[in-house]
>>> print(open('work21.csv').read())   # CSV, C-alpha atoms
chain,number,residue,atom,x,y,z
A,3,MET,CA,3.7,33.0,-2.7
A,4,SER,CA,6.9,31.1,-2.5
A,5,LYS,CA,7.1,27.6,-1.2
A,6,GLU,CA,8.8,28.7,2.0
A,7,GLU,CA,6.0,31.2,2.7
A,8,ARG,CA,3.4,28.6,2.1
A,9,LYS,CA,5.0,26.2,4.5
A,10,ASN,CA,5.3,28.9,7.2
A,11,GLU,CA,1.6,29.5,6.9
A,12,GLY,CA,1.0,26.0,8.1
A,13,LYS,CA,-0.5,24.7,4.9
A,14,ASN,CA,0.0,21.2,3.8
A,15,GLN,CA,2.0,20.3,0.8
A,16,TYR,CA,2.0,16.8,-0.7
A,17,SER,CA,5.0,15.3,-2.6
A,18,ILE,CA,3.8,12.4,-4.8
A,19,ILE,CA,6.7,10.1,-5.6
A,20,ILE,CA,6.1,7.8,-8.6
A,21,PRO,CA,8.9,5.4,-9.5
A,22,THR,CA,8.7,4.4,-13.1
A,23,TYR,CA,10.2,1.9,-15.5
A,24,ASN,CA,8.8,1.7,-19.0
A,25,GLU,CA,5.6,3.5,-18.1
A,26,ARG,CA,5.4,5.7,-21.1
A,27,LEU,CA,1.6,5.8,-21.4
A,28,ASN,CA,0.7,5.2,-17.8
A,29,ILE,CA,2.6,8.1,-16.5
A,30,ALA,CA,0.8,10.6,-18.7
A,31,LEU,CA,-2.5,9.2,-17.7
A,32,ILE,CA,-1.7,9.1,-14.0
A,33,VAL,CA,-0.5,12.7,-14.1
A,34,TYR,CA,-3.6,13.8,-15.8
A,35,LEU,CA,-5.8,12.0,-13.3
A,36,ILE,CA,-3.9,13.5,-10.3
A,37,PHE,CA,-4.3,17.0,-11.6
A,38,LYS,CA,-7.9,16.3,-12.3
A,39,HIS,CA,-8.8,15.1,-8.8
A,40,LEU,CA,-6.6,17.2,-6.6
A,41,ARG,CA,-7.8,20.6,-7.6
A,42,ASP,CA,-7.4,22.7,-4.5
A,43,VAL,CA,-4.4,20.8,-3.1
A,44,ASP,CA,-0.9,22.0,-3.0
A,45,PHE,CA,1.2,19.1,-4.5
A,46,GLU,CA,4.1,18.2,-6.6
A,47,ILE,CA,4.7,15.0,-8.6
A,48,ILE,CA,8.2,13.6,-8.5
A,49,VAL,CA,8.8,11.0,-11.2
A,50,VAL,CA,11.8,8.8,-10.5
A,51,ASP,CA,12.6,7.1,-13.7
A,52,ASP,CA,15.2,4.4,-13.9
A,53,GLY,CA,16.5,5.1,-17.4
A,54,SER,CA,13.5,3.6,-19.2
A,55,PRO,CA,14.3,2.6,-22.7
A,56,ASP,CA,10.8,3.3,-24.0
A,57,GLY,CA,11.1,7.1,-23.7
A,58,THR,CA,9.2,7.6,-20.4
A,59,GLN,CA,11.4,10.6,-19.6
A,60,ASP,CA,10.5,12.3,-22.9
A,61,ILE,CA,6.8,12.0,-22.0
A,62,VAL,CA,7.5,13.5,-18.6
A,63,LYS,CA,9.2,16.4,-20.2
A,64,GLN,CA,6.2,17.0,-22.4
A,65,LEU,CA,4.0,16.8,-19.3
A,66,GLN,CA,6.2,19.5,-17.7
A,67,GLN,CA,5.4,21.8,-20.6
A,68,VAL,CA,1.7,21.3,-19.9
A,69,TYR,CA,1.6,21.4,-16.2
A,70,GLY,CA,4.7,23.3,-15.2
A,71,GLU,CA,8.1,22.3,-14.1
A,72,ASP,CA,7.4,23.2,-10.5
A,73,ARG,CA,4.5,20.8,-10.3
A,74,VAL,CA,5.9,17.8,-12.3
A,75,LEU,CA,9.5,17.1,-11.4
A,76,LEU,CA,11.7,14.6,-13.2
A,77,ARG,CA,14.4,13.1,-11.1
A,78,ALA,CA,15.8,10.3,-13.2
A,79,ARG,CA,18.4,7.7,-12.4
A,80,PRO,CA,20.8,6.1,-14.9
A,81,LYS,CA,19.5,2.5,-14.6
A,82,LYS,CA,17.2,0.2,-12.7
A,83,LEU,CA,18.3,0.5,-9.1
A,84,GLY,CA,15.3,-0.8,-7.1
A,85,LEU,CA,12.2,0.5,-5.5
A,86,GLY,CA,13.5,1.4,-2.0
A,87,THR,CA,16.3,3.5,-3.4
A,88,ALA,CA,13.9,5.1,-5.8
A,89,TYR,CA,11.8,6.4,-2.8
A,90,ILE,CA,14.9,7.6,-1.0
A,91,HIS,CA,16.0,9.4,-4.1
A,92,GLY,CA,12.6,11.0,-4.5
A,93,LEU,CA,12.5,11.9,-0.9
A,94,LYS,CA,15.7,13.9,-1.3
A,95,HIS,CA,13.9,16.2,-3.7
A,96,ALA,CA,10.6,16.3,-1.9
A,97,SER,CA,9.6,19.7,-0.5
A,98,GLY,CA,6.3,18.8,0.9
A,99,ASN,CA,5.5,17.8,4.5
A,100,PHE,CA,3.5,14.8,3.3
A,101,VAL,CA,4.7,12.1,0.9
A,102,VAL,CA,2.4,9.9,-1.2
A,103,ILE,CA,3.9,6.9,-2.9
A,104,MET,CA,2.1,5.1,-5.7
A,105,ASP,CA,2.7,3.0,-8.7
A,106,ALA,CA,2.6,4.4,-12.2
A,107,ASP,CA,0.4,1.7,-13.5
A,108,LEU,CA,-3.3,2.3,-13.2
A,109,SER,CA,-3.9,-0.5,-10.8
A,110,HIS,CA,-5.1,1.8,-8.0
A,111,HIS,CA,-8.5,3.2,-8.7
A,112,VAL,CA,-11.6,4.0,-6.8
A,113,SER,CA,-15.2,4.3,-7.9
A,114,SER,CA,-17.5,6.5,-6.0
A,115,SER,CA,-21.1,6.8,-5.9
A,116,TYR,CA,-20.6,5.7,-2.3
A,117,LEU,CA,-17.4,5.3,-0.4
A,118,PHE,CA,-17.2,3.7,3.0
A,119,VAL,CA,-14.3,4.9,5.0
A,120,PHE,CA,-13.5,2.9,8.0
A,121,PHE,CA,-11.5,3.9,11.0
A,122,THR,CA,-9.6,0.9,12.0
A,123,ARG,CA,-8.4,0.2,15.5
A,124,LEU,CA,-4.9,1.2,16.1
A,125,SER,CA,-2.0,-0.3,18.0
A,126,PHE,CA,-1.5,2.3,20.6
A,127,THR,CA,-4.4,4.8,20.5
A,128,ARG,CA,-7.3,2.3,20.9
A,129,SER,CA,-9.8,4.4,19.0
A,130,ILE,CA,-13.3,3.1,18.7
A,131,LEU,CA,-14.6,1.8,15.4
A,132,HIS,CA,-16.4,4.5,13.4
A,133,SER,CA,-17.8,4.2,9.9
A,134,PHE,CA,-18.4,7.3,7.9
A,135,LEU,CA,-20.5,7.3,4.8
A,136,ILE,CA,-19.2,9.8,2.3
A,137,LEU,CA,-21.1,10.6,-0.8
A,138,PHE,CA,-19.2,11.6,-3.8
A,139,PRO,CA,-20.5,12.9,-7.1
A,140,CYS,CA,-20.8,10.3,-9.8
A,141,ASP,CA,-17.6,11.2,-11.5
A,142,LEU,CA,-14.5,9.4,-10.5
A,143,VAL,CA,-12.3,10.1,-7.5
A,144,LEU,CA,-8.8,8.9,-7.4
A,145,PRO,CA,-8.0,7.4,-4.0
A,146,ILE,CA,-5.4,10.0,-3.6
A,147,SER,CA,-7.9,12.6,-2.6
A,148,ILE,CA,-9.6,10.2,-0.2
A,149,ILE,CA,-6.2,9.3,1.4
A,150,THR,CA,-5.3,12.9,1.9
A,151,ARG,CA,-8.7,13.6,3.4
A,152,LYS,CA,-8.5,10.6,5.7
A,153,GLN,CA,-5.1,11.9,7.0
A,154,LEU,CA,-6.5,15.3,7.7
A,155,GLU,CA,-9.5,13.9,9.5
A,156,THR,CA,-7.6,11.5,11.7
A,157,GLY,CA,-4.1,13.1,12.0
A,158,ALA,CA,-2.6,9.8,11.2
A,159,SER,CA,1.1,9.4,10.5
A,160,ILE,CA,0.5,6.9,7.7
A,161,VAL,CA,-2.6,6.2,5.6
A,162,THR,CA,-2.5,3.0,3.5
A,163,GLY,CA,-4.8,1.6,0.8
A,164,THR,CA,-6.2,-1.8,1.4
A,165,ARG,CA,-7.9,-4.2,-1.0
A,166,TYR,CA,-9.3,-6.5,1.6
A,167,VAL,CA,-12.0,-4.4,3.2
A,168,LYS,CA,-15.5,-3.6,2.0
A,169,GLY,CA,-15.4,-0.8,-0.6
A,170,GLY,CA,-12.1,-2.0,-1.9
A,171,GLY,CA,-11.4,-5.0,-4.0
A,172,VAL,CA,-9.9,-6.3,-7.1
A,173,HIS,CA,-10.9,-6.9,-10.7
A,174,GLY,CA,-9.4,-9.2,-13.3
A,175,TRP,CA,-7.9,-11.7,-10.9
A,176,ASN,CA,-8.3,-15.4,-11.5
A,177,LEU,CA,-8.9,-17.8,-8.6
A,178,MET,CA,-5.2,-18.8,-8.3
A,179,ARG,CA,-4.1,-15.2,-7.9
A,180,LYS,CA,-6.8,-14.5,-5.3
A,181,LEU,CA,-5.8,-17.7,-3.5
A,182,THR,CA,-2.1,-16.8,-3.3
A,183,SER,CA,-2.9,-13.3,-2.3
A,184,ARG,CA,-5.2,-14.4,0.5
A,185,GLY,CA,-2.9,-17.2,1.6
A,186,ALA,CA,0.0,-14.8,1.8
A,187,ASN,CA,-2.0,-12.4,3.8
A,188,VAL,CA,-3.2,-15.0,6.3
A,189,LEU,CA,0.4,-16.2,6.7
A,190,ALA,CA,1.7,-12.7,7.3
A,191,HIS,CA,-1.0,-12.0,9.8
A,192,THR,CA,-0.4,-15.3,11.7
A,193,PHE,CA,3.3,-14.6,12.2
A,194,LEU,CA,3.7,-10.9,12.2
A,195,TRP,CA,0.5,-9.4,13.8
A,196,PRO,CA,1.0,-6.3,11.7
A,197,GLY,CA,-2.0,-4.2,12.6
A,198,VAL,CA,-3.0,-3.5,9.0
A,199,SER,CA,-5.1,-5.6,6.7
A,200,ASP,CA,-3.1,-5.2,3.5
A,201,LEU,CA,0.7,-5.5,3.8
A,202,THR,CA,1.9,-5.5,0.2
A,203,GLY,CA,-0.1,-2.5,-1.0
A,204,SER,CA,2.0,0.3,-2.5
A,205,PHE,CA,-0.4,3.2,-2.3
A,206,ARG,CA,0.4,5.1,0.8
A,207,LEU,CA,0.6,8.5,2.4
A,208,TYR,CA,3.3,9.2,4.9
A,209,LYS,CA,4.2,12.2,7.0
A,210,LYS,CA,7.5,13.1,5.6
A,211,SER,CA,9.3,12.9,8.9
A,212,VAL,CA,7.8,9.4,9.5
A,213,LEU,CA,8.9,8.2,6.1
A,214,GLU,CA,12.4,9.5,6.6
A,215,ASP,CA,12.6,7.8,10.0
A,216,ILE,CA,11.5,4.4,8.7
A,217,ILE,CA,13.1,4.2,5.3
A,218,THR,CA,16.6,4.3,6.7
A,219,SER,CA,16.1,1.1,8.7
A,220,VAL,CA,14.6,-0.9,5.8
A,221,VAL,CA,16.8,-3.2,3.8
A,222,SER,CA,14.5,-5.4,1.8
A,223,LYS,CA,14.0,-5.1,-2.0
A,224,GLY,CA,10.9,-5.4,-4.2
A,225,TYR,CA,7.5,-5.7,-2.7
A,226,VAL,CA,8.9,-7.1,0.6
A,227,PHE,CA,10.2,-3.6,1.0
A,228,GLN,CA,6.6,-2.4,1.2
A,229,MET,CA,5.8,-5.0,3.8
A,230,GLU,CA,8.9,-4.1,5.9
A,231,MET,CA,8.0,-0.4,5.8
A,232,ILE,CA,4.5,-0.9,7.2
A,233,VAL,CA,5.6,-3.5,9.8
A,234,ARG,CA,8.4,-1.3,11.1
A,235,ALA,CA,6.0,1.6,11.2
A,236,SER,CA,3.6,-0.5,13.2
A,237,ARG,CA,6.3,-1.6,15.6
A,238,LYS,CA,7.4,1.9,16.2
A,239,GLY,CA,3.9,2.8,17.2
A,240,TYR,CA,3.0,5.2,14.5
A,241,ARG,CA,-0.7,5.7,13.9
A,242,ILE,CA,-1.8,3.9,10.7
A,243,GLU,CA,-5.2,4.3,9.1
A,244,GLU,CA,-6.6,2.4,6.2
A,245,VAL,CA,-8.7,3.3,3.2
A,246,PRO,CA,-10.3,0.9,0.8
A,247,ILE,CA,-8.9,0.9,-2.7
A,248,THR,CA,-9.7,-1.1,-5.8
A,249,PHE,CA,-7.0,-2.9,-7.7
A,250,VAL,CA,-7.9,-3.3,-11.4
A,251,ASP,CA,-5.6,-5.5,-13.3
A,252,ARG,CA,-2.9,-3.7,-15.2
A,253,VAL,CA,-4.1,-2.4,-18.5
A,254,PHE,CA,-1.0,-1.0,-20.0
A,255,GLY,CA,2.6,-2.1,-19.5
A,256,SER,CA,3.9,-5.5,-18.9
A,257,SER,CA,3.2,-7.3,-15.7
A,258,LYS,CA,6.2,-7.7,-13.5
A,259,LEU,CA,5.1,-10.7,-11.5
A,260,GLY,CA,7.3,-13.8,-11.6
A,261,GLY,CA,7.3,-17.4,-10.3
A,262,SER,CA,10.1,-17.1,-7.8
A,263,GLU,CA,8.0,-14.6,-5.9
A,264,ILE,CA,6.7,-17.2,-3.4
A,265,VAL,CA,10.2,-18.1,-2.2
A,266,GLU,CA,11.1,-14.4,-2.0
A,267,TYR,CA,8.0,-13.7,0.0
A,268,LEU,CA,8.6,-16.5,2.5
A,269,LYS,CA,12.2,-15.4,2.9
A,270,GLY,CA,11.0,-11.8,3.5
A,271,LEU,CA,8.4,-13.0,6.0
A,272,ALA,CA,11.0,-15.0,7.9
A,273,TYR,CA,13.3,-12.0,7.9
A,274,LEU,CA,10.6,-9.7,9.2
A,275,LEU,CA,9.6,-12.2,11.9
A,276,VAL,CA,13.1,-12.2,13.3
A,277,THR,CA,14.3,-8.7,12.9
A,278,THR,CA,11.2,-6.5,13.6
B,12,MET,CA,10.5,-5.7,22.5
B,13,LYS,CA,11.1,-7.5,19.3
B,14,HIS,CA,8.2,-9.5,17.8
B,15,ILE,CA,10.1,-12.8,17.9
B,16,PHE,CA,10.5,-12.5,21.6
B,17,LYS,CA,6.8,-12.2,22.0
B,18,ILE,CA,6.2,-15.3,20.0
B,19,ILE,CA,9.0,-17.2,21.9
B,20,SER,CA,7.5,-16.3,25.3
B,21,LEU,CA,4.1,-17.3,24.1
B,22,LEU,CA,5.5,-20.7,23.0
B,23,ALA,CA,7.4,-21.0,26.3
B,24,ALA,CA,4.2,-20.4,28.3
B,25,ILE,CA,2.3,-23.0,26.3
B,26,SER,CA,5.2,-25.5,26.8
B,27,ALA,CA,5.2,-24.9,30.5
B,28,PHE,CA,1.5,-25.4,30.7
B,29,TRP,CA,1.9,-28.7,28.7
B,30,VAL,CA,4.7,-29.9,31.0
B,31,GLY,CA,2.5,-29.0,34.0
B,32,LEU,CA,-0.3,-31.1,32.6
B,33,LEU,CA,2.1,-34.0,32.1
B,34,GLN,CA,3.2,-33.8,35.7
B,35,ALA,CA,-0.2,-33.3,37.3
B,36,SER,CA,-1.8,-36.2,35.4
B,37,ILE,CA,-5.3,-34.7,35.4
B,38,ILE,CA,-5.7,-36.0,31.9
B,39,PRO,CA,-4.5,-39.5,31.0
B,40,ARG,CA,-0.9,-39.5,29.9
B,41,THR,CA,-1.5,-40.7,26.4
B,42,HIS,CA,-3.8,-37.8,25.6
B,43,THR,CA,-1.4,-35.3,27.1
B,44,TRP,CA,1.4,-36.4,24.8
B,45,LEU,CA,-0.7,-35.8,21.8
B,46,LEU,CA,-1.9,-32.3,22.8
B,47,PRO,CA,0.8,-30.4,20.8
B,48,ILE,CA,-0.1,-32.3,17.7
B,49,TYR,CA,-3.7,-31.4,18.2
B,50,LEU,CA,-2.7,-27.8,18.6
B,51,VAL,CA,-0.7,-27.7,15.4
B,52,VAL,CA,-3.4,-29.4,13.4
B,53,SER,CA,-6.1,-27.1,14.7
B,54,LEU,CA,-3.9,-24.1,14.0
B,55,GLY,CA,-3.5,-25.4,10.4
B,56,CYS,CA,-7.2,-25.9,10.1
B,57,TYR,CA,-7.9,-22.4,11.4
B,58,GLY,CA,-5.5,-20.9,8.9
B,59,LEU,CA,-7.1,-22.8,6.0
B,60,LEU,CA,-10.5,-21.6,7.2
B,61,MET,CA,-9.3,-18.0,7.2
B,62,VAL,CA,-8.0,-18.4,3.7
B,63,GLY,CA,-11.2,-19.9,2.5
B,64,VAL,CA,-13.4,-17.3,4.2
B,65,GLY,CA,-11.2,-14.5,2.9
B,66,LEU,CA,-11.4,-16.0,-0.6
B,67,MET,CA,-15.1,-16.1,-0.6
B,68,GLN,CA,-15.4,-12.6,0.8
B,69,PHE,CA,-12.8,-11.2,-1.6
B,70,PRO,CA,-14.4,-8.0,-2.8
B,71,THR,CA,-14.5,-7.6,-6.5
B,72,CYS,CA,-15.4,-4.5,-8.6
B,73,PRO,CA,-16.0,-5.2,-12.2
B,74,GLN,CA,-17.5,-1.8,-12.7
B,75,GLU,CA,-14.1,-0.4,-11.9
B,76,ALA,CA,-12.7,-1.6,-15.2
B,77,VAL,CA,-15.4,0.3,-17.1
B,78,LEU,CA,-14.8,3.5,-15.2
B,79,LEU,CA,-11.1,3.1,-15.7
B,80,GLN,CA,-11.5,2.9,-19.4
B,81,GLN,CA,-13.6,6.0,-19.4
B,82,ASP,CA,-10.9,7.8,-17.4
B,83,ILE,CA,-8.2,6.7,-19.8
B,84,ALA,CA,-10.2,7.9,-22.9
B,85,GLU,CA,-10.7,11.3,-21.3
B,86,ALA,CA,-7.1,11.6,-20.3
B,87,LYS,CA,-5.9,10.7,-23.8
B,88,GLY,CA,-8.2,13.2,-25.4
B,89,PHE,CA,-7.0,16.0,-23.2
B,90,LEU,CA,-3.3,15.3,-23.4
B,91,LYS,CA,-3.4,14.8,-27.2
B,92,ASP,CA,-4.7,18.4,-27.5
B,93,LYS,CA,-1.9,19.6,-25.4
B,94,GLY,CA,0.8,18.0,-27.4
B,95,VAL,CA,1.7,15.1,-25.2
B,96,ASP,CA,2.4,11.9,-27.2
B,97,VAL,CA,-0.1,9.4,-26.0
B,98,GLY,CA,0.2,6.8,-28.7
B,99,SER,CA,0.0,3.2,-27.4
B,100,ASP,CA,3.2,1.4,-26.5
>>> encode(input="work21.csv", output="structure tokens")
Amino acid sequence: MSKEERKNEGKNQYSIIIPTYNERLNIALIVYLIFKHLRDVDFEIIVVDDGSPDGTQDIVKQLQQVYGEDRVLLRARPKKLGLGTAYIHGLKHASGNFVVIMDADLSHHVSSSYLFVFFTRLSFTRSILHSFLILFPCDLVLPISIITRKQLETGASIVTGTRYVKGGGVHGWNLMRKLTSRGANVLAHTFLWPGVSDLTGSFRLYKKSVLEDIITSVVSKGYVFQMEMIVRASRKGYRIEEVPITFVDRVFGSSKLGGSEIVEYLKGLAYLLVTT
Amino acid sequence: MKHIFKIISLLAAISAFWVGLLQASIIPRTHTWLLPIYLVVSLGCYGLLMVGVGLMQFPTCPQEAVLLQQDIAEAKGFLKDKGVDVGSD
């Protein structure tokens, strides 16, 4: 069955965009885990690599041999050009009607003897608060399957992962890091009233039309980009659901956090306050 | 309507209320002049409280690290067999 025929039948296809830079080992692991946990789902993985010097693209080519070039796509760029443009680039090659964005590092993970999935109140639909208890088998389930399931259940335009609700969480964070994270979150909530609990998360599922609509009006760079995406979506009235995810500290790959981030964050917050 | 307009109109409403209080003299003048300061301080305290509460309630998941390692080992084994280079970087 060709891709066009599948689409005409009304089936959902998911394009998973993963921007990478020096994620030689992580990309192999993440591709394996996605294939393991999305068995009966029609998806494609689009790796947008910004010319990694560590040979990430060679690994992706090897993965293409294992999984097929129609399931693992490599859409590389010559050099580091930024997160937002990486998504736009991936979007151009995405053939699915849903787009999932995630990081290549293994920071998003979900355990699952039990998983609590909460329906949060929305800006314009005013749904009541449900809580569903979903029992999964003892092996691990990537949040990607939970996120796709949540979208199918609720028909939401965007489903985003959050670390701040029960069932989610972090591991490997010291007190300072938790403090800055919480402080930043409270600050953002005080001024922006965003309608989601976790603004800087980068694990999201969008309807493709929604992503295309928002991404053209976003101008920030870095993780403020993620914040701007979700705030603009909230302002436009799109339905946003949340799913708890766990954030385990990066195991492989160098951490990309720096010290000037606080200034960047405050500037981004001020910008969002005035322009959204 | 842009978010900033909502905030500005909220501040305008509060200011109007404050000026109204000044004119009407229900509360002694000296107290009324200090009201904005009280408001700002209490907002600050509320913010700090939210940060503290959030910090205490920050969910953690140490078992995740273990499960993650298992996942990684499994992935490495599978991919190595298939000829993907999974040596550490």
>>> atom_distance(input="work21.csv", atom1="CA of His173 (chain A)", atom2="CA of Ser204 (chain A)")
16.9 Å
>>> closest_atom_pairs(input="work21.csv", of="chain A", to="chain B", cutoff="7 Å", atoms="only C-alpha atoms", output="JSON lines")
{"residue": "A:Leu27", "atom": "CA", "partner": "B:Val97", "partner_atom": "CA", "distance": 6.1}
{"residue": "A:Leu31", "atom": "CA", "partner": "B:Ala86", "partner_atom": "CA", "distance": 5.8}
{"residue": "A:Tyr34", "atom": "CA", "partner": "B:Ala86", "partner_atom": "CA", "distance": 6.1}
{"residue": "A:Ile61", "atom": "CA", "partner": "B:Val95", "partner_atom": "CA", "distance": 6.8}
{"residue": "A:Gln64", "atom": "CA", "partner": "B:Val95", "partner_atom": "CA", "distance": 5.6}
{"residue": "A:Leu65", "atom": "CA", "partner": "B:Val95", "partner_atom": "CA", "distance": 6.6}
{"residue": "A:Val68", "atom": "CA", "partner": "B:Lys93", "partner_atom": "CA", "distance": 6.8}
{"residue": "A:Ser113", "atom": "CA", "partner": "B:Glu75", "partner_atom": "CA", "distance": 6.3}
{"residue": "A:Tyr166", "atom": "CA", "partner": "B:Phe69", "partner_atom": "CA", "distance": 6.7}
{"residue": "A:Lys168", "atom": "CA", "partner": "B:Pro70", "partner_atom": "CA", "distance": 6.6}
{"residue": "A:Gly170", "atom": "CA", "partner": "B:Pro70", "partner_atom": "CA", "distance": 6.5}
{"residue": "A:Gly171", "atom": "CA", "partner": "B:Pro70", "partner_atom": "CA", "distance": 4.4}
{"residue": "A:Val172", "atom": "CA", "partner": "B:Thr71", "partner_atom": "CA", "distance": 4.8}
{"residue": "A:His173", "atom": "CA", "partner": "B:Cys72", "partner_atom": "CA", "distance": 5.5}
{"residue": "A:Lys180", "atom": "CA", "partner": "B:Leu66", "partner_atom": "CA", "distance": 6.7}
{"residue": "A:Leu181", "atom": "CA", "partner": "B:Leu66", "partner_atom": "CA", "distance": 6.5}
{"residue": "A:Arg184", "atom": "CA", "partner": "B:Val62", "partner_atom": "CA", "distance": 5.8}
{"residue": "A:Gly185", "atom": "CA", "partner": "B:Val62", "partner_atom": "CA", "distance": 5.6}
{"residue": "A:Val188", "atom": "CA", "partner": "B:Val62", "partner_atom": "CA", "distance": 6.4}
{"residue": "A:Val250", "atom": "CA", "partner": "B:Ala76", "partner_atom": "CA", "distance": 6.4}
{"residue": "A:Leu275", "atom": "CA", "partner": "B:Ile15", "partner_atom": "CA", "distance": 6.1}
{"residue": "A:Val276", "atom": "CA", "partner": "B:Ile15", "partner_atom": "CA", "distance": 5.5}
{"residue": "A:Thr278", "atom": "CA", "partner": "B:Lys13", "partner_atom": "CA", "distance": 5.8}
>>> closest_residue(input="work21.csv", among="A:Ile146, A:Val226, A:Ile264, A:Lys238", to="Ser183 (chain A)", atoms="all atoms listed in the file")
A:Ile264
>>> residues_around(input="work21.csv", residues="Val43 (chain A)", least_positions_apart="4", cutoff="10 Å", atoms="all atoms listed in the file", output="NGL selection string")
:A and (13-16 or 37 or 39 or 147 or 150)
>>> atom_distance(input="work21.csv", atom1="CA of Met104 (chain A)", atom2="CA of Val50 (chain A)")
11.4 Å
>>> atom_distance(input="work21.csv", atom1="CA of Ile160 (chain A)", atom2="CA of Ile47 (chain A)")
18.7 Å
>>> closest_residue(input="work21.csv", among="A:Asp51, A:Glu25, A:Asp44, A:Glu214", to="Ala88 (chain A)", atoms="all atoms listed in the file")
A:Asp51
>>> residues_near_point(input="work21.csv", point="(15.1, 7.5, 4.4)", cutoff="10 Å", atoms="only C-alpha atoms", output="ChimeraX atom specification")
/A:86-87,89-94,210-220
>>> write_last_selection(input="work21.csv", atoms="C-alpha atoms", output="PDB file, in the coordinates of the input")
ATOM      1  CA  GLY A  86      13.500   1.400  -2.000  1.00  0.00           C
ATOM      2  CA  THR A  87      16.300   3.500  -3.400  1.00  0.00           C
ATOM      3  CA  TYR A  89      11.800   6.400  -2.800  1.00  0.00           C
ATOM      4  CA  ILE A  90      14.900   7.600  -1.000  1.00  0.00           C
ATOM      5  CA  HIS A  91      16.000   9.400  -4.100  1.00  0.00           C
ATOM      6  CA  GLY A  92      12.600  11.000  -4.500  1.00  0.00           C
ATOM      7  CA  LEU A  93      12.500  11.900  -0.900  1.00  0.00           C
ATOM      8  CA  LYS A  94      15.700  13.900  -1.300  1.00  0.00           C
ATOM      9  CA  LYS A 210       7.500  13.100   5.600  1.00  0.00           C
ATOM     10  CA  SER A 211       9.300  12.900   8.900  1.00  0.00           C
ATOM     11  CA  VAL A 212       7.800   9.400   9.500  1.00  0.00           C
ATOM     12  CA  LEU A 213       8.900   8.200   6.100  1.00  0.00           C
ATOM     13  CA  GLU A 214      12.400   9.500   6.600  1.00  0.00           C
ATOM     14  CA  ASP A 215      12.600   7.800  10.000  1.00  0.00           C
ATOM     15  CA  ILE A 216      11.500   4.400   8.700  1.00  0.00           C
ATOM     16  CA  ILE A 217      13.100   4.200   5.300  1.00  0.00           C
ATOM     17  CA  THR A 218      16.600   4.300   6.700  1.00  0.00           C
ATOM     18  CA  SER A 219      16.100   1.100   8.700  1.00  0.00           C
ATOM     19  CA  VAL A 220      14.600  -0.900   5.800  1.00  0.00           C
TER      20      VAL A 220
END
>>> decode(input="work21.csv", residues="region 20-54 of chain B", atoms="C-alpha atoms", output="PDB file, in the first residue's frame")
ATOM      1  CA  SER B  20      -5.963  46.536  32.024  1.00  0.00           C
ATOM      2  CA  LEU B  21      -5.683  44.514  35.226  1.00  0.00           C
ATOM      3  CA  LEU B  22      -3.105  46.966  36.579  1.00  0.00           C
ATOM      4  CA  ALA B  23      -5.256  49.891  35.472  1.00  0.00           C
ATOM      5  CA  ALA B  24      -8.247  48.460  37.313  1.00  0.00           C
ATOM      6  CA  ILE B  25      -6.192  47.990  40.474  1.00  0.00           C
ATOM      7  CA  SER B  26      -4.816  51.552  40.194  1.00  0.00           C
ATOM      8  CA  ALA B  27      -8.289  52.972  39.735  1.00  0.00           C
ATOM      9  CA  PHE B  28      -9.460  51.104  42.794  1.00  0.00           C
ATOM     10  CA  TRP B  29      -6.512  52.445  44.770  1.00  0.00           C
ATOM     11  CA  VAL B  30      -7.129  56.029  43.691  1.00  0.00           C
ATOM     12  CA  GLY B  31     -10.772  55.555  44.598  1.00  0.00           C
ATOM     13  CA  LEU B  32      -9.750  54.468  48.069  1.00  0.00           C
ATOM     14  CA  LEU B  33      -7.547  57.538  48.407  1.00  0.00           C
ATOM     15  CA  GLN B  34     -10.406  59.840  47.483  1.00  0.00           C
ATOM     16  CA  ALA B  35     -13.010  58.163  49.647  1.00  0.00           C
ATOM     17  CA  SER B  36     -10.891  58.058  52.805  1.00  0.00           C
ATOM     18  CA  ILE B  37     -12.553  54.943  54.186  1.00  0.00           C
ATOM     19  CA  ILE B  38      -9.161  53.787  55.360  1.00  0.00           C
ATOM     20  CA  PRO B  39      -6.760  56.301  56.949  1.00  0.00           C
ATOM     21  CA  ARG B  40      -4.650  58.041  54.292  1.00  0.00           C
ATOM     22  CA  THR B  41      -1.307  56.767  55.546  1.00  0.00           C
ATOM     23  CA  HIS B  42      -2.410  53.174  55.213  1.00  0.00           C
ATOM     24  CA  THR B  43      -3.779  53.707  51.734  1.00  0.00           C
ATOM     25  CA  TRP B  44      -0.513  55.125  50.459  1.00  0.00           C
ATOM     26  CA  LEU B  45       1.259  51.954  51.549  1.00  0.00           C
ATOM     27  CA  LEU B  46      -1.200  49.547  49.922  1.00  0.00           C
ATOM     28  CA  PRO B  47       0.718  49.119  46.654  1.00  0.00           C
ATOM     29  CA  ILE B  48       3.827  48.190  48.589  1.00  0.00           C
ATOM     30  CA  TYR B  49       1.881  45.623  50.563  1.00  0.00           C
ATOM     31  CA  LEU B  50       0.570  44.212  47.296  1.00  0.00           C
ATOM     32  CA  VAL B  51       4.002  43.868  45.733  1.00  0.00           C
ATOM     33  CA  VAL B  52       5.478  42.294  48.849  1.00  0.00           C
ATOM     34  CA  SER B  53       2.651  39.799  49.175  1.00  0.00           C
ATOM     35  CA  LEU B  54       2.965  38.896  45.502  1.00  0.00           C
TER      36      LEU B  54
END
